[in-house]
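Peer 1: One structure is given below, represented as structure tokens, and several questions about it will come after.
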Amino acid sequence: MSAHAKTRIVGSPVPRKEGVDKLLGRARYIDDIEREGMWHGATVRSTIPRGLIRSIGFDRNIDWSEFTIVTAADIPGQNHIQLIFADQPCLADGKVNHCDEAIVLLAHPDKHKVGEAADAVKIEYDPLPPVFTMEESERRDVIVWGADNVLKSFLLEKGDVDSVWSSATHIVEGEYRTGAQEHLYIENNGVIAEYSAEGGVTIWGSLQCPYYVHKSLLAVFDLPGDKVRVIQTETGGAFGGKEDYPSTLAAHAALLAMKSGHPVKMVYDRMEDLAATTKRHPSRVRHRTALGADGKLLAMDIEVATDGGAYSTLSSTVLSRATLHSPGPYVCPNVRVHSRAWATNTVPYGAFRGFGAPQAIFAIERHMDEIAAVIGIDPIELRRRNFLHDGDTTATEQVMREPVILDQLLDRALAESGYPAKRAHFAKENKTNPVKRGVGIAAFYHGSGFTGSGERNLNSLAGIDVTAAGKVRVLVSSTEFGQGTNTILTQIAAEAIGLEYEDVVMAPPDTGIVPNSGPTVASRTSMVVGRLIERASLQLVGLLQRHAGLSEVFSGDDFFAACERFRAAKGEVVSICHYEAPPGIFWDDRKYRGEAYPAYAWSIHVAQVAVDTVTYSAEVEEFWAVQEAGRVLNPVLAGGQIEGGVAQGIGYALYEKVLLQNGHMVNNQMTNYIMPTAEDVPPIHVYFVEIPFSHGGYGAKGIGELPHDGPAPAILNAIRDAIGVSFTSIPLLPEDLFQRLAAPQPVEEVAAV
């Protein structure tokens, strides 16, 4: 069935599959689950950022015979967590590289006793000099990772950047910084582990990627694939924070279960979760841009630096996406991007909604407004003159074969927000009003799916089967954690087969049941996995028509009757499909060139802000988001994704600051890690323009990460419009405004050469 065809279920706001259970309190999260004979686990963590472990001491006032104690010496397999690189130990062995690194694990039947015992373990160290910032890491006075502190680097080149500077009419330089950001999911990290010599390891957990956890456990326990089983429980939010970290926590709980002989539950409290788990990478992006007299981009020389923390975790994929998004949605014949992720002695940074794109897009979209101010052109007009269009090539020389409608999206955003009239009105009002108002925009794209050859390398599997109870069951390892996976994928299957929505259910996200359809990351679920489910559904219909007498036109009863005939004659009714790359998608990893993504989602954000020059506070009063993300499969869920992403982006821009002291997060409570509340989130107006992507599930492209990319630059562009002062770092807090507005000083972040 064509993605352009009229549909019954796809495109409709059907209820969430798990919504009723959540609403009525029937959904069981990890801390609701008990296992017979279950013990509780706790972690003893490093209190220094870098050093050698001299000794581990146990308070003599505690009867340690009641406890199970695990150290690195108890690991039966490899002492490494299997992510992109296996450089992160499961438990510190002889040395530590960041505060809050796990060293000792404890288990006891009493949850409170085990927590008290963890405080009674005393570790002595021989401290080593730490590195806390990218700048310190760059100097290489102290080497804390590899030979040069570089976790990963990329070089992207198009044209000849160095040949342009002498003939350019304008050269504009700028430096832009973003801070770390905590995921702050509603439900903290937690798992339950069981172990037996015969059955191996079983994990129940709040997590995103069951097969990531599965891979790490195979290595830590030196077990074959059929001896490790990972089951996702109901998960209360993730945003990327439960992509990598659950592999570590699951290994910890399973080691305690193995040694104690009991099921072990480990659920972090909020303070431990904030201090010990991954965050968004801090970044520094430097732009040097050449333009002609007409305002057209001639060359972009960009340096991207991210702080990766103590271990590589997912820094390479974050850096890659930052690299690819750093030139923005603009045509430029000469581009060079040199990017590096630097090691420091802080908690490892990991994936967070957008992973790399929000950092890079903040820089380019702030820089575009600074260019406009320097060369004396309206920021809207500057963008229009340089937008990508159909047939243009990106910095990786990918030809834009799918429609690019940035001008149309921009027109819609300006009209819906009343941008021109507001800007003129605020300019007059601000002359006498201590509360200054302004409007700002951001234009951007977000690549859908894994970067480059990632999807080919994954070779994902997904499918459907039909149960004896007469339900079609979706078989994927893609997980639901609030974004709508269960609903979208069942909508696609019901639509493709021609069944009612109620006839389709999700299989449990259990590695013992479902195939590896890849991780639930990178805005790939609807586009990539959804397409696999669409194909598998149509494939099953064809199978039943060829072998079970299903007619061309059939009812639901006809379909299930044919399934029973097929089952009686041939056995299991199942249809599985492998990933197939869209035609013309080729990526050269060595040259870092080609089709970076199979598809892009596009968006324009407009922010209206108010800056109080008496209290030095800034707030977002209203927000508009216009986007083209392919077919909208469920308008309520899609709108919710945009609103949620914008709210997180507002926090990123104006509220959320990770404070580190000696490498440890000191504001690791919700009383002092400030995030926007309902009072701080303005009216958010969401608009979609739909252009179905023929290789996505019913025409869908990625949507989940897109809305986090634009709010921060749009907000700071609006603040510049309001007060005429440029800020180039986020989060922008009242104290930052006070420092500049109360005692203005010359700034050098952006300069015309």
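Within each chain, counting starts at residue 1; across the structure tokens, chains are named A, B, ... in the order shown, with ligands numbered 1 upward in that order.
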Please list as a ChimeraX atom specification every residue within 10 Å of Lys158 of chain A, counting only C-alpha atoms and excluding residues in the same chain fewer than 3 positions away.

Peer 2: /A:161,299-300,332-337,394-397,593

Peer 1: Find the residues of segment 208-284 of chain A that sit at most 12 Å from segment 319-322 of chain A; for each, write down the nearest two atoms and how far apart they are in Å, to one decimal. Count only C-alpha atoms. Sort by chain, then by number going up, and give it as JSON lines.

Peer 2:
{"residue": "A:Arg280", "atom": "CA", "partner": "A:Leu319", "partner_atom": "CA", "distance": 11.5}
{"residue": "A:His281", "atom": "CA", "partner": "A:Leu319", "partner_atom": "CA", "distance": 9.2}
{"residue": "A:Pro282", "atom": "CA", "partner": "A:Leu319", "partner_atom": "CA", "distance": 11.1}
{"residue": "A:Ser283", "atom": "CA", "partner": "A:Ala322", "partner_atom": "CA", "distance": 9.6}
{"residue": "A:Arg284", "atom": "CA", "partner": "A:Ala322", "partner_atom": "CA", "distance": 10.9}

Peer 1: Looking at only C-alpha atoms, which of A:Ser216, A:Ser417, A:Ser46, A:Ser326 is the one that sits closest to Ile123 of chain A?

Peer 2: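 Ranking A:Ser216, A:Ser417, A:Ser46, A:Ser326 by distance to Ile123 of chain A, first place goes to A:Ser46.
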
Peer 1: Looking at only C-alpha atoms, which of A:Ala253, A:Leu716, A:Ala360, A:Ile691 is the one that sits closest to Ala305 of chain A?

Peer 2: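 Nearest candidate to Ala305 of chain A out of A:Ala253, A:Leu716, A:Ala360, A:Ile691: A:Ala360.
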
Peer 1: So that I can see what lies close to Gly376 of chain A, please list as a list in words the residues with an atom at most 12 Å from it, counting only C-alpha atoms and leaving out residues fewer than 6 positions away in the same chain.

Peer 2: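 The residues that qualify are His170, Ala293, Asp294, Gly295, Met368, Asp369, Glu370, Leu382 and Ala752 of chain A.
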
Peer 1: Assign secondary structure with DSSP using the backbone only, and return the residues of segment 479-649 of chain A in alpha helix (DSSP H) as a PyMOL selection string.

Peer 2: chain A and resi 485-497+530-547+556-570+635-649
